[in-house]
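**Student:** What follows is my_file-v9.cif; its format and atoms are mmCIF, C-alpha atoms, pLDDT in the B column; chains and numbers go by the auth columns.
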data_work
#
loop_
_atom_site.group_PDB
_atom_site.id
_atom_site.type_symbol
_atom_site.label_atom_id
_atom_site.label_comp_id
_atom_site.label_asym_id
_atom_site.label_seq_id
_atom_site.Cartn_x
_atom_site.Cartn_y
_atom_site.Cartn_z
_atom_site.B_iso_or_equiv
_atom_site.auth_seq_id
_atom_site.auth_asym_id
ATOM 1 C CA MET A 1 -59.427 34.338 31.071 46.00 1 A
ATOM 2 C CA LEU A 2 -60.646 30.935 29.907 42.00 2 A
ATOM 3 C CA LYS A 3 -58.967 31.566 26.545 47.00 3 A
ATOM 4 C CA LEU A 4 -55.650 31.976 28.368 44.00 4 A
ATOM 5 C CA LEU A 5 -56.087 28.911 30.571 41.00 5 A
ATOM 6 C CA LEU A 6 -57.166 26.528 27.820 42.00 6 A
ATOM 7 C CA PRO A 7 -53.776 26.358 26.025 45.00 7 A
ATOM 8 C CA ALA A 8 -51.987 25.887 29.351 45.00 8 A
ATOM 9 C CA LEU A 9 -54.434 23.127 30.324 39.00 9 A
ATOM 10 C CA LEU A 10 -53.950 21.363 26.990 41.00 10 A
ATOM 11 C CA LEU A 11 -50.170 21.565 27.360 42.00 11 A
ATOM 12 C CA PHE A 12 -50.412 20.127 30.894 43.00 12 A
ATOM 13 C CA LEU A 13 -52.635 17.233 29.731 39.00 13 A
ATOM 14 C CA THR A 14 -50.293 16.475 26.847 43.00 14 A
ATOM 15 C CA ALA A 15 -47.353 16.336 29.255 42.00 15 A
ATOM 16 C CA LEU A 16 -49.265 13.944 31.524 39.00 16 A
ATOM 17 C CA MET A 17 -50.069 11.680 28.583 43.00 17 A
ATOM 18 C CA GLY A 18 -46.390 11.665 27.653 43.00 18 A
ATOM 19 C CA MET A 19 -45.499 10.544 31.172 41.00 19 A
ATOM 20 C CA ALA A 20 -48.072 7.773 30.987 43.00 20 A
ATOM 21 C CA ASP A 21 -46.517 6.593 27.721 43.00 21 A
ATOM 22 C CA GLY A 22 -43.137 6.580 29.405 42.00 22 A
ATOM 23 C CA GLU A 23 -44.484 4.358 32.154 41.00 23 A
ATOM 24 C CA THR A 24 -45.545 1.693 29.657 43.00 24 A
ATOM 25 C CA SER A 25 -41.975 1.451 28.384 48.00 25 A
ATOM 26 C CA THR A 26 -40.893 0.380 31.888 66.00 26 A
ATOM 27 C CA SER A 27 -43.662 -2.178 32.123 85.00 27 A
ATOM 28 C CA LYS A 28 -43.423 -5.110 34.462 96.00 28 A
ATOM 29 C CA TYR A 29 -44.540 -7.421 31.646 97.00 29 A
ATOM 30 C CA GLY A 30 -42.936 -8.755 28.506 98.00 30 A
ATOM 31 C CA ASN A 31 -43.498 -11.072 25.582 98.00 31 A
ATOM 32 C CA LEU A 32 -41.566 -14.303 25.129 98.00 32 A
ATOM 33 C CA VAL A 33 -41.195 -16.013 21.766 98.00 33 A
ATOM 34 C CA VAL A 34 -40.141 -19.670 21.905 98.00 34 A
ATOM 35 C CA GLN A 35 -38.769 -20.989 18.614 98.00 35 A
ATOM 36 C CA VAL A 36 -38.336 -24.763 18.387 98.00 36 A
ATOM 37 C CA ILE A 37 -35.967 -25.976 15.675 98.00 37 A
ATOM 38 C CA ASP A 38 -34.477 -29.194 14.287 97.00 38 A
ATOM 39 C CA LEU A 39 -37.768 -31.109 14.327 97.00 39 A
ATOM 40 C CA ALA A 40 -37.444 -34.375 12.395 95.00 40 A
ATOM 41 C CA SER A 41 -40.791 -33.985 10.609 96.00 41 A
ATOM 42 C CA ASP A 42 -43.918 -31.871 10.396 97.00 42 A
ATOM 43 C CA ASP A 43 -46.010 -34.717 11.834 97.00 43 A
ATOM 44 C CA GLY A 44 -47.959 -33.972 15.006 97.00 44 A
ATOM 45 C CA THR A 45 -47.386 -30.878 17.145 98.00 45 A
ATOM 46 C CA VAL A 46 -44.921 -29.450 19.632 98.00 46 A
ATOM 47 C CA LYS A 47 -45.847 -29.265 23.299 98.00 47 A
ATOM 48 C CA ILE A 48 -44.292 -26.295 25.085 98.00 48 A
ATOM 49 C CA ALA A 49 -44.258 -26.064 28.885 97.00 49 A
ATOM 50 C CA LEU A 50 -43.287 -22.725 30.416 98.00 50 A
ATOM 51 C CA SER A 51 -42.285 -22.828 34.082 98.00 51 A
ATOM 52 C CA ASN A 52 -41.809 -19.880 36.401 98.00 52 A
ATOM 53 C CA SER A 53 -40.586 -21.834 39.440 97.00 53 A
ATOM 54 C CA GLU A 54 -38.597 -24.910 40.305 96.00 54 A
ATOM 55 C CA GLU A 55 -41.783 -26.524 41.641 96.00 55 A
ATOM 56 C CA ASN A 56 -43.795 -26.313 38.429 95.00 56 A
ATOM 57 C CA TYR A 57 -40.699 -27.115 36.324 97.00 57 A
ATOM 58 C CA TYR A 58 -40.508 -30.577 37.876 93.00 58 A
ATOM 59 C CA ALA A 59 -44.306 -31.095 37.958 88.00 59 A
ATOM 60 C CA TYR A 60 -44.862 -32.478 34.461 77.00 60 A
ATOM 61 C CA ASP A 61 -48.622 -32.043 34.414 84.00 61 A
ATOM 62 C CA THR A 62 -48.833 -28.529 35.898 91.00 62 A
ATOM 63 C CA PRO A 63 -46.502 -26.044 34.221 95.00 63 A
ATOM 64 C CA TYR A 64 -47.065 -22.321 34.653 97.00 64 A
ATOM 65 C CA LEU A 65 -48.340 -22.269 31.052 97.00 65 A
ATOM 66 C CA GLY A 66 -48.614 -25.086 28.548 96.00 66 A
ATOM 67 C CA VAL A 67 -49.397 -24.768 24.853 97.00 67 A
ATOM 68 C CA THR A 68 -49.527 -26.820 21.677 98.00 68 A
ATOM 69 C CA ALA A 69 -47.797 -25.319 18.641 98.00 69 A
ATOM 70 C CA PRO A 70 -48.150 -26.369 14.998 98.00 70 A
ATOM 71 C CA ILE A 71 -45.089 -27.425 13.011 98.00 71 A
ATOM 72 C CA ASN A 72 -44.074 -25.980 9.672 97.00 72 A
ATOM 73 C CA GLU A 73 -40.902 -26.964 7.805 97.00 73 A
ATOM 74 C CA GLY A 74 -39.292 -28.541 10.848 97.00 74 A
ATOM 75 C CA ARG A 75 -39.955 -25.546 13.101 98.00 75 A
ATOM 76 C CA ALA A 76 -42.548 -24.434 15.625 98.00 76 A
ATOM 77 C CA SER A 77 -43.020 -21.117 17.362 98.00 77 A
ATOM 78 C CA TRP A 78 -45.197 -19.672 20.106 98.00 78 A
ATOM 79 C CA LYS A 79 -45.502 -16.170 21.534 98.00 79 A
ATOM 80 C CA PHE A 80 -46.371 -15.891 25.215 98.00 80 A
ATOM 81 C CA ARG A 81 -47.799 -12.414 25.757 98.00 81 A
ATOM 82 C CA ASP A 82 -47.795 -10.175 28.827 97.00 82 A
ATOM 83 C CA LEU A 83 -45.720 -12.380 31.106 98.00 83 A
ATOM 84 C CA PRO A 84 -44.551 -10.901 34.378 98.00 84 A
ATOM 85 C CA LEU A 85 -40.831 -10.132 34.161 98.00 85 A
ATOM 86 C CA GLY A 86 -38.743 -12.727 35.960 98.00 86 A
ATOM 87 C CA ASP A 87 -37.152 -16.159 35.686 98.00 87 A
ATOM 88 C CA TYR A 88 -38.539 -18.927 33.485 98.00 88 A
ATOM 89 C CA ALA A 89 -37.559 -22.277 31.987 98.00 89 A
ATOM 90 C CA VAL A 90 -38.951 -24.020 28.913 98.00 90 A
ATOM 91 C CA LYS A 91 -39.418 -27.719 28.164 97.00 91 A
ATOM 92 C CA VAL A 92 -40.620 -28.937 24.764 97.00 92 A
ATOM 93 C CA PHE A 93 -41.287 -32.218 23.029 97.00 93 A
ATOM 94 C CA HIS A 94 -42.348 -33.255 19.551 98.00 94 A
ATOM 95 C CA ASP A 95 -45.659 -35.077 19.981 98.00 95 A
ATOM 96 C CA GLU A 96 -45.472 -36.866 16.641 97.00 96 A
ATOM 97 C CA ASP A 97 -48.320 -39.292 17.327 96.00 97 A
ATOM 98 C CA GLY A 98 -50.704 -36.789 18.942 95.00 98 A
ATOM 99 C CA ASP A 99 -51.192 -38.676 22.210 96.00 99 A
ATOM 100 C CA ASP A 100 -50.229 -35.644 24.386 94.00 100 A
ATOM 101 C CA GLU A 101 -47.444 -37.639 26.076 94.00 101 A
ATOM 102 C CA LEU A 102 -43.692 -37.899 25.680 94.00 102 A
ATOM 103 C CA ASP A 103 -43.344 -41.483 24.501 95.00 103 A
ATOM 104 C CA THR A 104 -40.586 -43.595 26.030 94.00 104 A
ATOM 105 C CA ASN A 105 -39.107 -47.036 25.446 95.00 105 A
ATOM 106 C CA ILE A 106 -39.077 -49.898 27.928 95.00 106 A
ATOM 107 C CA LEU A 107 -36.080 -48.355 29.711 90.00 107 A
ATOM 108 C CA GLY A 108 -37.838 -45.001 30.087 88.00 108 A
ATOM 109 C CA MET A 109 -35.736 -43.264 27.436 91.00 109 A
ATOM 110 C CA PRO A 110 -37.730 -40.787 25.293 93.00 110 A
ATOM 111 C CA THR A 111 -38.553 -41.961 21.777 95.00 111 A
ATOM 112 C CA GLU A 112 -39.863 -38.542 20.716 96.00 112 A
ATOM 113 C CA ASP A 113 -37.561 -35.537 20.333 96.00 113 A
ATOM 114 C CA TYR A 114 -37.375 -33.077 23.223 97.00 114 A
ATOM 115 C CA GLY A 115 -35.417 -30.031 24.337 97.00 115 A
ATOM 116 C CA PHE A 116 -34.968 -27.390 27.028 98.00 116 A
ATOM 117 C CA SER A 117 -34.210 -23.694 27.197 98.00 117 A
ATOM 118 C CA ASN A 118 -30.486 -22.844 27.129 98.00 118 A
ATOM 119 C CA ASP A 119 -30.044 -26.178 25.292 96.00 119 A
ATOM 120 C CA ALA A 120 -29.664 -27.638 28.787 97.00 120 A
ATOM 121 C CA ARG A 121 -29.184 -31.404 29.077 95.00 121 A
ATOM 122 C CA GLY A 122 -29.394 -33.746 32.040 90.00 122 A
ATOM 123 C CA MET A 123 -27.384 -36.899 32.649 86.00 123 A
ATOM 124 C CA PHE A 124 -30.217 -39.201 33.725 83.00 124 A
ATOM 125 C CA GLY A 125 -33.447 -37.266 33.334 86.00 125 A
ATOM 126 C CA PRO A 126 -34.206 -33.633 32.666 91.00 126 A
ATOM 127 C CA PRO A 127 -31.649 -30.904 33.338 96.00 127 A
ATOM 128 C CA SER A 128 -31.985 -28.892 36.494 96.00 128 A
ATOM 129 C CA TYR A 129 -34.226 -25.859 36.642 97.00 129 A
ATOM 130 C CA ASP A 130 -31.134 -23.723 37.203 97.00 130 A
ATOM 131 C CA ASP A 131 -29.541 -25.019 33.983 98.00 131 A
ATOM 132 C CA ALA A 132 -32.681 -24.314 31.934 98.00 132 A
ATOM 133 C CA ARG A 133 -33.578 -21.021 33.638 98.00 133 A
ATOM 134 C CA PHE A 134 -33.381 -17.692 31.827 98.00 134 A
ATOM 135 C CA THR A 135 -34.573 -14.198 32.705 98.00 135 A
ATOM 136 C CA LEU A 136 -37.271 -12.250 30.901 98.00 136 A
ATOM 137 C CA ASP A 137 -36.222 -8.707 31.755 97.00 137 A
ATOM 138 C CA SER A 138 -37.371 -6.692 28.746 97.00 138 A
ATOM 139 C CA ALA A 139 -40.464 -6.000 26.672 97.00 139 A
ATOM 140 C CA SER A 140 -39.580 -8.810 24.272 97.00 140 A
ATOM 141 C CA LEU A 141 -37.294 -11.853 24.303 98.00 141 A
ATOM 142 C CA THR A 142 -36.859 -14.681 21.789 98.00 142 A
ATOM 143 C CA ILE A 143 -35.272 -17.978 22.756 98.00 143 A
ATOM 144 C CA VAL A 144 -34.416 -20.919 20.528 98.00 144 A
ATOM 145 C CA VAL A 145 -34.842 -24.521 21.688 98.00 145 A
ATOM 146 C CA ARG A 146 -33.193 -27.301 19.687 97.00 146 A
ATOM 147 C CA VAL A 147 -34.702 -30.764 19.909 97.00 147 A
ATOM 148 C CA ASP A 148 -33.098 -34.153 19.414 92.00 148 A
#
Show me, as structure tokens, the structure contained in the file I just sent.
**Tutor:**
Amino acid sequence: MLKLLLPALLLFLTALMGMADGETSTSKYGNLVVQVIDLASDDGTVKIALSNSEENYYAYDTPYLGVTAPINEGRASWKFRDLPLGDYAVKVFHDEDGDDELDTNILGMPTEDYGFSNDARGMFGPPSYDDARFTLDSASLTIVVRVD
């Protein structure tokens, strides 16, 4: 009797494992690759701020996630892993002098290159969260941010 049940049990367990694999393909998490291009030099690093709400988009010192990426041949890249699916916005700047701050002139205009997701631009200050917002709704998404 056990000899007859064992193949059926193995088939049942295999089917369950297949269903579990199917569930991972509809995960509630994804990876986001941010590629920063058009950097003027390989000096310094690129600071990348990932926001998941309007509140932490406008709070310069408390993004959802903040990272420092190395530069190679005028480009920088960072992969954020296992992010909850949803809306995000990205802000970047080229920290050429390594002081961890976006340098500005006497009028408050940035003197280091910067950029935003969706290539969004603001008139006097950063673009709105809505203009920079994009949706991570798959297992993997790559966005490109141009700086100037």
**Student:** Please provide the set of residues having any atom within 6 Å of region 89-97 of chain A, restricted to all atoms listed in the file, with same-chain residues fewer than 4 positions apart removed, written as a VMD selection string.
**Tutor:** chain A and resid 43 to 51 112 to 117 132 to 133
**Student:** Convert the output of the PyMOL selection byres ((chain A and resi 130) around 10) on the shown file into explicit residues, formatted as a ChimeraX atom specification.
**Tutor:** /A:53-54,87-89,120,127-129,131-134
**Student:** Give as a list in words the residues that the PyMOL selection byres ((chain A and resi 136) around 10) matches when applied to the coordinates above.
**Tutor:**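 Applying the expression gives Tyr29, Gly30, Asn31, Leu32, Leu83, Pro84, Leu85, Gly86, Asp87, Tyr88, Arg133, Phe134, Thr135, Asp137, Ser138, Ala139, Ser140, Leu141 and Thr142 of chain A.
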**Student:** When distances are computed from all atoms listed in the file, which of A:Arg121, A:Arg75, A:Arg146, A:Arg81 shows the smallest separation from Val33 (chain A)?
**Tutor:**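 Distance minimum relative to Val33 (chain A) lands on A:Arg81.
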**Student:** Report, in Å to a single decimal, how far apart CA of Tyr58 (chain A) and CA of Trp78 (chain A) are.
**Tutor:** 21.4 Å
**Student:** Report as AutoDock Vina command-line options the centre and the edge lengths, in Å to one decimal, of the axis-aligned box holding every listed atom of region 58-73 of chain A, padded by 5 Å on each side.
**Tutor:**
--center_x -45.0 --center_y -27.4 --center_z 22.9 --size_x 19.0 --size_y 20.2 --size_z 40.2
**Student:** Neighbourhood query: residues within 12 Å of (-40.0, -40.7, 29.0), file coordinates, counting all atoms listed in the file; return as a PDB file with C-alpha atoms, keeping the file's coordinate frame.
**Tutor:**
ATOM      1  CA  TYR A  60     -44.862 -32.478  34.461  1.00 77.00           C
ATOM      2  CA  PHE A  93     -41.287 -32.218  23.029  1.00 97.00           C
ATOM      3  CA  GLU A 101     -47.444 -37.639  26.076  1.00 94.00           C
ATOM      4  CA  LEU A 102     -43.692 -37.899  25.680  1.00 94.00           C
ATOM      5  CA  ASP A 103     -43.344 -41.483  24.501  1.00 95.00           C
ATOM      6  CA  THR A 104     -40.586 -43.595  26.030  1.00 94.00           C
ATOM      7  CA  ASN A 105     -39.107 -47.036  25.446  1.00 95.00           C
ATOM      8  CA  ILE A 106     -39.077 -49.898  27.928  1.00 95.00           C
ATOM      9  CA  LEU A 107     -36.080 -48.355  29.711  1.00 90.00           C
ATOM     10  CA  GLY A 108     -37.838 -45.001  30.087  1.00 88.00           C
ATOM     11  CA  MET A 109     -35.736 -43.264  27.436  1.00 91.00           C
ATOM     12  CA  PRO A 110     -37.730 -40.787  25.293  1.00 93.00           C
ATOM     13  CA  THR A 111     -38.553 -41.961  21.777  1.00 95.00           C
ATOM     14  CA  GLU A 112     -39.863 -38.542  20.716  1.00 96.00           C
ATOM     15  CA  ASP A 113     -37.561 -35.537  20.333  1.00 96.00           C
ATOM     16  CA  TYR A 114     -37.375 -33.077  23.223  1.00 97.00           C
ATOM     17  CA  PHE A 124     -30.217 -39.201  33.725  1.00 83.00           C
ATOM     18  CA  GLY A 125     -33.447 -37.266  33.334  1.00 86.00           C
ATOM     19  CA  PRO A 126     -34.206 -33.633  32.666  1.00 91.00           C
TER      20      PRO A 126
END
**Student:** Mind checking which residues fall within 10 Å of Glu73 (chain A), counting all atoms listed in the file, ignoring those fewer than 6 positions away in the same chain, and posting them as a ChimeraX atom specification?
**Tutor:** /A:37-42
**Student:** Quote the spacing between CA of Asp99 (chain A) and CA of Gly74 (chain A) in Å to one decimal place.
**Tutor:**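 A separation of 19.3 Å between them.
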**Student:** Interatomic distance between CA of Leu65 (chain A) and CA of Val34 (chain A)?
**Tutor:** 12.6 Å
**Student:** Identify which of the residues A:Asp82, A:Val36, A:Asn52, A:Ser77 lies closest to Asp119 (chain A), counting all atoms listed in the file when measuring atom-to-atom distances.
**Tutor:**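 Looking at the shortest contact to Asp119 (chain A), the residue is A:Val36.
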